[in-house]
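Chemist: Data: run38.pdb, PDB, C-alpha atoms and all ligand atoms.
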```pdb
ATOM      1  CA  MET A 236      54.353 -69.153  36.268
ATOM      2  CA  SER A 237      51.465 -69.920  38.646
ATOM      3  CA  ASP A 238      52.052 -71.066  42.213
ATOM      4  CA  PRO A 239      51.373 -74.879  42.541
ATOM      5  CA  GLY A 240      49.400 -74.236  45.766
ATOM      6  CA  GLU A 241      47.110 -71.920  43.913
ATOM      7  CA  LEU A 242      46.639 -74.564  41.230
ATOM      8  CA  ASN A 243      45.633 -77.144  43.901
ATOM      9  CA  VAL A 244      43.033 -74.790  45.331
ATOM     10  CA  ASN A 245      41.562 -74.250  41.859
ATOM     11  CA  ARG A 246      41.468 -77.989  41.257
ATOM     12  CA  ARG A 247      39.709 -78.515  44.610
ATOM     13  CA  GLU A 248      37.170 -75.895  43.645
ATOM     14  CA  VAL A 249      36.528 -77.677  40.372
ATOM     15  CA  MET A 250      35.936 -80.938  42.241
ATOM     16  CA  VAL A 251      33.489 -79.242  44.615
ATOM     17  CA  GLY A 252      31.612 -77.770  41.645
ATOM     18  CA  ALA A 253      31.416 -81.140  39.918
ATOM     19  CA  GLY A 254      30.112 -82.737  43.128
ATOM     20  CA  ALA A 255      27.414 -80.087  43.398
ATOM     21  CA  CYS A 256      26.305 -80.773  39.819
ATOM     22  CA  ALA A 257      26.128 -84.519  40.488
ATOM     23  CA  ALA A 258      24.082 -83.902  43.647
ATOM     24  CA  LEU A 259      21.677 -81.682  41.722
ATOM     25  CA  ALA A 260      21.221 -84.318  39.022
ATOM     26  CA  ALA A 261      20.364 -86.893  41.705
ATOM     27  CA  ALA A 262      17.938 -84.553  43.493
ATOM     28  CA  PRO A 263      14.197 -85.275  43.286
ATOM     29  CA  PRO A 264      12.390 -83.431  40.467
ATOM     30  CA  SER A 265      10.722 -81.022  42.919
ATOM     31  CA  VAL A 266      14.168 -79.573  43.820
ATOM     32  CA  ARG A 267      15.292 -79.069  40.185
ATOM     33  CA  ALA A 268      14.490 -75.988  38.078
ATOM     34  CA  GLN A 269      10.925 -76.072  36.860
ATOM     35  CA  PRO A 270       9.957 -75.154  33.290
ATOM     36  CA  ALA A 271       8.547 -71.657  32.922
ATOM     37  CA  PRO A 272       4.752 -71.618  33.067
ATOM     38  CA  VAL A 273       3.017 -71.390  29.701
ATOM     39  CA  VAL A 274       1.691 -67.846  29.227
ATOM     40  CA  THR A 275      -1.619 -67.580  27.430
ATOM     41  CA  PRO A 276      -1.266 -64.945  24.694
ATOM     42  CA  VAL A 277      -3.355 -61.828  25.027
ATOM     43  CA  MET A 278      -5.095 -61.235  21.698
ATOM     44  CA  THR A 279      -6.353 -57.912  20.453
ATOM     45  CA  GLN A 280      -7.789 -56.442  17.287
ATOM     46  CA  VAL A 281      -5.497 -54.057  15.434
ATOM     47  CA  SER A 282      -6.571 -51.942  12.516
ATOM     48  CA  PHE A 283      -4.284 -49.847  10.372
ATOM     49  CA  ASN A 284      -3.917 -48.618   6.839
ATOM     50  CA  VAL A 285      -1.309 -50.609   4.941
ATOM     51  CA  ASN A 286      -0.330 -49.340   1.510
ATOM     52  CA  GLY A 287      -3.632 -47.497   1.131
ATOM     53  CA  GLN A 288      -5.885 -50.309   2.363
ATOM     54  CA  VAL A 289      -7.438 -50.652   5.820
ATOM     55  CA  ARG A 290      -6.377 -53.993   7.289
ATOM     56  CA  THR A 291      -7.756 -55.457  10.504
ATOM     57  CA  LEU A 292      -5.954 -58.270  12.281
ATOM     58  CA  GLU A 293      -6.487 -60.343  15.420
ATOM     59  CA  LEU A 294      -3.010 -60.363  16.938
ATOM     60  CA  ASP A 295      -1.086 -61.518  19.977
ATOM     61  CA  THR A 296      -0.205 -58.193  21.610
ATOM     62  CA  ARG A 297       3.499 -59.152  21.409
ATOM     63  CA  THR A 298       3.449 -59.290  17.590
ATOM     64  CA  THR A 299       5.922 -56.887  16.006
ATOM     65  CA  LEU A 300       4.873 -54.743  13.090
ATOM     66  CA  LEU A 301       7.380 -56.705  10.981
ATOM     67  CA  ASP A 302       5.725 -60.038  11.793
ATOM     68  CA  ALA A 303       2.259 -58.546  11.281
ATOM     69  CA  LEU A 304       3.305 -57.486   7.765
ATOM     70  CA  ARG A 305       5.182 -60.631   6.814
ATOM     71  CA  GLU A 306       3.360 -63.425   8.636
ATOM     72  CA  HIS A 307      -0.186 -62.095   8.816
ATOM     73  CA  LEU A 308      -0.518 -59.917   5.713
ATOM     74  CA  HIS A 309       2.023 -61.904   3.648
ATOM     75  CA  LEU A 310       3.784 -58.705   2.564
ATOM     76  CA  THR A 311       7.187 -60.353   2.439
ATOM     77  CA  GLY A 312       8.918 -57.472   0.663
ATOM     78  CA  THR A 313       9.868 -56.138   4.091
ATOM     79  CA  LYS A 314      12.811 -58.242   5.196
ATOM     80  CA  LYS A 315      13.815 -59.671   8.550
ATOM     81  CA  GLY A 316      17.571 -59.365   8.910
ATOM     82  CA  CYS A 317      18.700 -59.174  12.523
ATOM     83  CA  ASP A 318      15.275 -58.782  14.245
ATOM     84  CA  HIS A 319      17.142 -56.585  16.754
ATOM     85  CA  GLY A 320      17.094 -53.089  15.253
ATOM     86  CA  GLN A 321      20.631 -53.301  13.943
ATOM     87  CA  CYS A 322      20.450 -53.774  10.160
ATOM     88  CA  GLY A 323      17.556 -51.698   8.788
ATOM     89  CA  ALA A 324      16.314 -54.477   6.468
ATOM     90  CA  CYS A 325      12.855 -54.166   8.033
ATOM     91  CA  THR A 326      12.497 -50.389   7.471
ATOM     92  CA  VAL A 327       8.989 -49.204   6.585
ATOM     93  CA  ILE A 328       7.399 -45.772   6.623
ATOM     94  CA  VAL A 329       4.774 -45.186   9.322
ATOM     95  CA  ASP A 330       2.887 -41.907   9.362
ATOM     96  CA  GLY A 331       5.621 -40.338   7.218
ATOM     97  CA  ARG A 332       8.564 -41.501   9.349
ATOM     98  CA  ARG A 333      10.842 -44.449   8.710
ATOM     99  CA  ILE A 334      11.051 -47.009  11.475
ATOM    100  CA  ASN A 335      12.556 -50.425  12.096
ATOM    101  CA  SER A 336       9.432 -52.563  12.045
ATOM    102  CA  CYS A 337      11.146 -55.299  14.075
ATOM    103  CA  LEU A 338      11.455 -52.922  17.021
ATOM    104  CA  THR A 339       7.858 -51.833  17.290
ATOM    105  CA  LEU A 340       4.678 -53.671  18.222
ATOM    106  CA  ALA A 341       1.824 -53.726  15.739
ATOM    107  CA  VAL A 342      -0.648 -52.632  18.447
ATOM    108  CA  MET A 343       1.273 -49.369  18.803
ATOM    109  CA  HIS A 344       0.165 -48.374  15.306
ATOM    110  CA  GLN A 345      -3.568 -48.696  15.695
ATOM    111  CA  GLY A 346      -5.101 -46.285  13.168
ATOM    112  CA  GLY A 347      -1.697 -45.492  11.624
ATOM    113  CA  ALA A 348      -0.644 -45.431   7.972
ATOM    114  CA  VAL A 349       2.051 -47.948   7.041
ATOM    115  CA  THR A 350       3.894 -47.917   3.715
ATOM    116  CA  SER A 351       6.010 -50.924   2.875
ATOM    117  CA  ILE A 352       7.990 -51.500  -0.307
ATOM    118  CA  GLU A 353       4.866 -53.014  -1.910
ATOM    119  CA  GLY A 354       3.108 -49.662  -1.461
ATOM    120  CA  LEU A 355       5.766 -47.520  -3.138
ATOM    121  CA  GLY A 356       5.508 -48.731  -6.706
ATOM    122  CA  THR A 357       4.694 -51.680  -8.928
ATOM    123  CA  PRO A 358       6.895 -53.538 -11.440
ATOM    124  CA  ASP A 359       5.157 -51.633 -14.246
ATOM    125  CA  ASN A 360       5.164 -48.316 -12.472
ATOM    126  CA  LEU A 361       8.239 -48.029 -10.275
ATOM    127  CA  HIS A 362       8.592 -45.339  -7.638
ATOM    128  CA  PRO A 363      11.358 -42.892  -8.723
ATOM    129  CA  MET A 364      13.594 -44.243  -5.945
ATOM    130  CA  GLN A 365      13.076 -47.829  -7.155
ATOM    131  CA  ALA A 366      13.837 -46.795 -10.732
ATOM    132  CA  ALA A 367      16.999 -44.985  -9.620
ATOM    133  CA  PHE A 368      18.199 -48.034  -7.657
ATOM    134  CA  VAL A 369      17.789 -50.127 -10.827
ATOM    135  CA  LYS A 370      19.540 -47.525 -12.982
ATOM    136  CA  HIS A 371      22.501 -47.084 -10.607
ATOM    137  CA  ASP A 372      22.843 -50.743  -9.581
ATOM    138  CA  GLY A 373      22.011 -49.862  -5.983
ATOM    139  CA  TYR A 374      21.853 -53.514  -4.969
ATOM    140  CA  GLN A 375      23.398 -56.911  -5.511
ATOM    141  CA  CYS A 376      21.604 -59.694  -3.603
ATOM    142  CA  GLY A 377      18.695 -57.321  -2.945
ATOM    143  CA  TYR A 378      18.018 -58.432   0.631
ATOM    144  CA  CYS A 379      18.573 -55.009   2.161
ATOM    145  CA  THR A 380      17.031 -53.166  -0.800
ATOM    146  CA  PRO A 381      13.380 -52.771   0.315
ATOM    147  CA  GLY A 382      14.597 -51.239   3.579
ATOM    148  CA  GLN A 383      17.145 -49.065   1.762
ATOM    149  CA  ILE A 384      14.485 -47.745  -0.619
ATOM    150  CA  CYS A 385      11.929 -47.002   2.123
ATOM    151  CA  SER A 386      14.668 -45.314   4.138
ATOM    152  CA  GLY A 387      15.909 -43.408   1.071
ATOM    153  CA  VAL A 388      12.446 -42.003   0.357
ATOM    154  CA  ALA A 389      12.052 -40.876   3.964
ATOM    155  CA  VAL A 390      15.586 -39.411   4.095
ATOM    156  CA  LEU A 391      14.925 -37.118   1.142
ATOM    157  CA  ASP A 392      11.724 -35.973   2.868
ATOM    158  CA  GLU A 393      13.716 -35.293   6.066
ATOM    159  CA  ILE A 394      16.272 -33.205   4.167
ATOM    160  CA  LYS A 395      13.535 -31.283   2.347
ATOM    161  CA  ALA A 396      11.799 -30.617   5.672
ATOM    162  CA  GLY A 397      15.065 -29.137   6.993
ATOM    163  CA  ILE A 398      15.572 -31.737   9.724
ATOM    164  CA  PRO A 399      19.285 -31.635  10.641
ATOM    165  CA  SER A 400      21.461 -34.702  11.142
ATOM    166  CA  HIS A 401      24.634 -35.390  13.107
ATOM    167  CA  VAL A 402      26.766 -34.042  10.235
ATOM    168  CA  THR A 403      24.774 -30.875   9.509
ATOM    169  CA  ALA A 404      27.280 -28.066   9.957
ATOM    170  CA  ASP A 405      24.902 -25.117  10.348
ATOM    171  CA  LEU A 406      21.744 -25.813  12.321
ATOM    172  CA  THR A 407      20.316 -22.397  11.500
ATOM    173  CA  ALA A 408      20.563 -22.711   7.687
ATOM    174  CA  PRO A 409      18.481 -24.925   5.368
ATOM    175  CA  VAL A 410      19.891 -28.448   5.173
ATOM    176  CA  GLN A 411      21.973 -28.968   2.032
ATOM    177  CA  LEU A 412      21.864 -32.262   0.189
ATOM    178  CA  SER A 413      25.337 -33.812   0.216
ATOM    179  CA  GLU A 414      26.955 -37.202   0.120
ATOM    180  CA  SER A 415      27.838 -36.978   3.800
ATOM    181  CA  GLU A 416      24.226 -36.089   4.725
ATOM    182  CA  ILE A 417      22.969 -39.101   2.760
ATOM    183  CA  ARG A 418      25.595 -41.471   4.164
ATOM    184  CA  GLU A 419      24.980 -40.335   7.758
ATOM    185  CA  ARG A 420      21.201 -40.619   7.479
ATOM    186  CA  MET A 421      21.388 -44.012   5.754
ATOM    187  CA  SER A 422      23.902 -45.408   8.245
ATOM    188  CA  GLY A 423      21.238 -47.528   9.962
ATOM    189  CA  ASN A 424      20.667 -49.468   6.742
ATOM    190  CA  ILE A 425      23.412 -52.045   6.390
ATOM    191  CA  CYS A 426      24.256 -53.582   3.014
ATOM    192  CA  ARG A 427      26.378 -56.711   3.250
ATOM    193  CA  CYS A 428      27.011 -56.500  -0.511
ATOM    194  CA  GLY A 429      28.497 -53.031  -0.073
ATOM    195  CA  ALA A 430      26.351 -51.239  -2.638
ATOM    196  CA  TYR A 431      26.655 -48.000  -0.684
ATOM    197  CA  SER A 432      28.224 -45.733  -3.319
ATOM    198  CA  ASN A 433      25.595 -46.750  -5.893
ATOM    199  CA  ILE A 434      22.824 -46.151  -3.359
ATOM    200  CA  VAL A 435      24.186 -42.635  -2.763
ATOM    201  CA  GLU A 436      24.212 -42.011  -6.528
ATOM    202  CA  ALA A 437      20.622 -43.232  -6.849
ATOM    203  CA  MET A 438      19.402 -41.059  -3.995
ATOM    204  CA  THR A 439      21.298 -38.027  -5.276
ATOM    205  CA  GLU A 440      19.685 -38.367  -8.690
ATOM    206  CA  VAL A 441      16.183 -38.583  -7.204
ATOM    207  CA  ALA A 442      16.853 -35.588  -4.944
ATOM    208  CA  GLU A 443      18.148 -33.506  -7.850
ATOM    209  CA  ARG A 444      15.119 -34.408  -9.972
ATOM    210  CA  GLN A 445      12.807 -33.427  -7.135
ATOM    211  CA  GLY A 446      14.573 -30.059  -7.105
TER     212      GLY A 446
HETATM  213 FE1  LIG A 501      14.885 -54.909  11.916
HETATM  214 FE2  LIG A 501      17.365 -55.736  11.362
HETATM  215  S1  LIG A 501      15.477 -56.770  11.032
HETATM  216  S2  LIG A 501      16.724 -53.788  12.067
HETATM  217 FE1  LIG A 502      22.919 -57.488  -0.709
HETATM  218 FE2  LIG A 502      22.495 -55.032   0.232
HETATM  219  S1  LIG A 502      22.306 -55.715  -1.820
HETATM  220  S2  LIG A 502      22.813 -56.821   1.347
END
```
Taking this structure as input, can you express it in the form of structure tokens?
Modeler:
Amino acid sequence: MSDPGELNVNRREVMVGAGACAALAAAPPSVRAQPAPVVTPVMTQVSFNVNGQVRTLELDTRTTLLDALREHLHLTGTKKGCDHGQCGACTVIVDGRRINSCLTLAVMHQGGAVTSIEGLGTPDNLHPMQAAFVKHDGYQCGYCTPGQICSGVAVLDEIKAGIPSHVTADLTAPVQLSESEIRERMSGNICRCGAYSNIVEAMTEVAERQG
């Protein structure tokens, strides 16, 4: 049980704090916190190749690649989940590597080649990874799916290129396709619907067909 004296001290401290707040509220405006000054955005021209087409945009330098795609180019297939690099919904392929487009500024990709889900296939001519996701039910709500598919395509390229992962047992031998390799490499792509085992099946089928 707490000592009553200690309790009195804490209560006194609370009273002092409350008094300080009241004094601050009564203080003239010049003493109170001032709103942050409005920062004029710095605009710049950014040009990159998006899904095979050169696109040039006038952007605030703070614009993420994700917002450039969704808000400026209206390519809304790339999804914004967390906007903090934690879910993988915004994954796109830039210069052959998958990245979280919410974590990178558009200006950093001047002259680069960006592939979003819209650039992989069309409804009439699906990319093999898209077709395999449909066949194996690799999605439910579909929100994470564009990111999963872009990531899946890049993961198979990584394995083929012999790039090891955290679970690769032998760093001196060619990387073997396995469920654990796929699961480890896809671990940055979260699926709230839990379609993971079907995604692994879809990716395994595409990898086996690629040989
Ligand atoms: Fe980019 Fe979640 S929206 S990682
Ligand atoms: Fe719904 Fe993955 S299919 S979050």
Chemist: Counting only C-alpha atoms, which of A:Val273, A:Val435, A:Cys317, A:Ile398 gets nearest to Ser415 (chain A)?
Modeler: A:Val435
Chemist: Please identify the residues whose atoms come within 6 Å of ligand LIG 502 (chain A), using all atoms listed in the file, and report them as a PDB file with C-alpha atoms, keeping the file's coordinate frame.
Modeler:
```pdb
ATOM      1  CA  TYR A 374      21.853 -53.514  -4.969  1.00  0.00           C
ATOM      2  CA  GLN A 375      23.398 -56.911  -5.511  1.00  0.00           C
ATOM      3  CA  CYS A 376      21.604 -59.694  -3.603  1.00  0.00           C
ATOM      4  CA  GLY A 377      18.695 -57.321  -2.945  1.00  0.00           C
ATOM      5  CA  TYR A 378      18.018 -58.432   0.631  1.00  0.00           C
ATOM      6  CA  CYS A 379      18.573 -55.009   2.161  1.00  0.00           C
ATOM      7  CA  THR A 380      17.031 -53.166  -0.800  1.00  0.00           C
ATOM      8  CA  CYS A 426      24.256 -53.582   3.014  1.00  0.00           C
ATOM      9  CA  ARG A 427      26.378 -56.711   3.250  1.00  0.00           C
ATOM     10  CA  CYS A 428      27.011 -56.500  -0.511  1.00  0.00           C
TER      11      CYS A 428
END
```
Chemist: Report as a ChimeraX atom specification all protein, DNA and RNA residues lying within 10 Å of Asp372 (chain A), evaluated on only C-alpha atoms, omitting residues in the same chain fewer than 4 positions from it.
Modeler: /A:366-368,430,432-434,436-437
Chemist: What does the file look like for those residues with C-alpha atoms, as a PDB file, in the frame of the given file?
Modeler:
```
ATOM      1  CA  ALA A 366      13.837 -46.795 -10.732  1.00  0.00           C
ATOM      2  CA  ALA A 367      16.999 -44.985  -9.620  1.00  0.00           C
ATOM      3  CA  PHE A 368      18.199 -48.034  -7.657  1.00  0.00           C
ATOM      4  CA  ALA A 430      26.351 -51.239  -2.638  1.00  0.00           C
ATOM      5  CA  SER A 432      28.224 -45.733  -3.319  1.00  0.00           C
ATOM      6  CA  ASN A 433      25.595 -46.750  -5.893  1.00  0.00           C
ATOM      7  CA  ILE A 434      22.824 -46.151  -3.359  1.00  0.00           C
ATOM      8  CA  GLU A 436      24.212 -42.011  -6.528  1.00  0.00           C
ATOM      9  CA  ALA A 437      20.622 -43.232  -6.849  1.00  0.00           C
TER      10      ALA A 437
END
```
Chemist: Distance cut-off 8 Å, centre (16.8, -39.3, -3.1) in file coordinates, counting all atoms listed in the file: which residues qualify? Return them as number ranges by chain.
Modeler: A: 364, 387-388, 390-391, 437-443
Chemist: Neighbouring residues of ligand LIG 501 (chain A) are defined here as those with any atom at most 10 Å from a ligand atom, counting only C-alpha atoms and all ligand atoms; list them as a list in words.
Modeler: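 So, counting only C-alpha atoms and all ligand atoms, the residues near ligand LIG 501 (chain A) are Leu301, Thr313, Lys314, Lys315, Gly316, Cys317, Asp318, His319, Gly320, Gln321, Cys322, Gly323, Ala324, Cys325, Thr326, Val327, Ile334, Asn335, Ser336, Cys337, Leu338, Thr339, Cys379, Gly382, Gly423, Asn424 and Ile425 of chain A.
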Chemist: Quick one: write out the picked residues with C-alpha atoms as a compact mmCIF listing (two decimals), in the coordinates of the input?
Modeler:
```
# COMPACT_ATOMS: atom_id res chain seq x y z
CA LEU A 301 7.38 -56.70 10.98
CA THR A 313 9.87 -56.14 4.09
CA LYS A 314 12.81 -58.24 5.20
CA LYS A 315 13.82 -59.67 8.55
CA GLY A 316 17.57 -59.36 8.91
CA CYS A 317 18.70 -59.17 12.52
CA ASP A 318 15.28 -58.78 14.24
CA HIS A 319 17.14 -56.58 16.75
CA GLY A 320 17.09 -53.09 15.25
CA GLN A 321 20.63 -53.30 13.94
CA CYS A 322 20.45 -53.77 10.16
CA GLY A 323 17.56 -51.70 8.79
CA ALA A 324 16.31 -54.48 6.47
CA CYS A 325 12.86 -54.17 8.03
CA THR A 326 12.50 -50.39 7.47
CA VAL A 327 8.99 -49.20 6.58
CA ILE A 334 11.05 -47.01 11.48
CA ASN A 335 12.56 -50.42 12.10
CA SER A 336 9.43 -52.56 12.04
CA CYS A 337 11.15 -55.30 14.08
CA LEU A 338 11.46 -52.92 17.02
CA THR A 339 7.86 -51.83 17.29
CA CYS A 379 18.57 -55.01 2.16
CA GLY A 382 14.60 -51.24 3.58
CA GLY A 423 21.24 -47.53 9.96
CA ASN A 424 20.67 -49.47 6.74
CA ILE A 425 23.41 -52.04 6.39
```
Chemist: Within 10 Å of Gly397 (chain A), counting all atoms listed in the file, which residues qualify if same-chain residues fewer than 5 places away don't, as a list of chain:residue names?
Modeler: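 Counting all atoms listed in the file, the residues come to A:Leu391, A:Asp392, A:Leu406, A:Thr407, A:Ala408, A:Pro409, A:Val410, A:Gln411.
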Chemist: Go ahead and compute the interatomic distance for CA of Leu310 (chain A) and CA of Ser386 (chain A), in Å to one decimal.
Modeler: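 Straight-line distance from CA of Leu310 (chain A) to CA of Ser386 (chain A) works out to 17.3 Å.
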Chemist: List as a VMD selection string the residues having at least one atom at most 12 Å from position (3.7, -58.0, 11.8) as given in the file, counting only C-alpha atoms.
Modeler: chain A and resid 281 to 283 285 290 to 311 313 to 315 318 325 327 335 to 344 349 351
Chemist: Counting only C-alpha atoms, figure out which residue out of A:Ser422, A:Leu361, A:Ala396, A:Gly429 gets nearest to Gly373 (chain A).
Modeler: A:Gly429
Chemist: Report the centre and edge lengths, in Å to one decimal, of an axis-aligned box enclosing every atom of region 284-289 of chain A listed in the file, padded by 3 Å on each side, as AutoDock Vina command-line options.
Modeler:
```
--center_x -3.9 --center_y -49.1 --center_z 4.0 --size_x 13.1 --size_y 9.2 --size_z 11.7
```
Chemist: Given all atoms listed in the file as the basis, pick out the residue of A:Thr275, A:Gln269, A:Thr350, A:Asn284 nearest to Ala389 (chain A).
Modeler: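 The answer is A:Thr350, which sits nearest to Ala389 (chain A).
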Chemist: Report, in Å with one decimal, the straight-line distance from CA of Pro381 (chain A) to CA of Ile352 (chain A).
Modeler: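 Between these atoms lies a distance of 5.6 Å.
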Chemist: One decimal, in Å: what's the spacing between CA of Gln288 (chain A) and CA of Asp330 (chain A)?
Modeler: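 If I compute the distance from CA of Gln288 (chain A) to CA of Asp330 (chain A), I get 14.0 Å.
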Chemist: Looking at A:Arg418, A:Lys395, A:Arg333, A:Arg444, which one is nearest to Pro363 (chain A), with distances taken over all atoms listed in the file?
Modeler: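 For Pro363 (chain A), the nearest of the candidates is A:Arg444.
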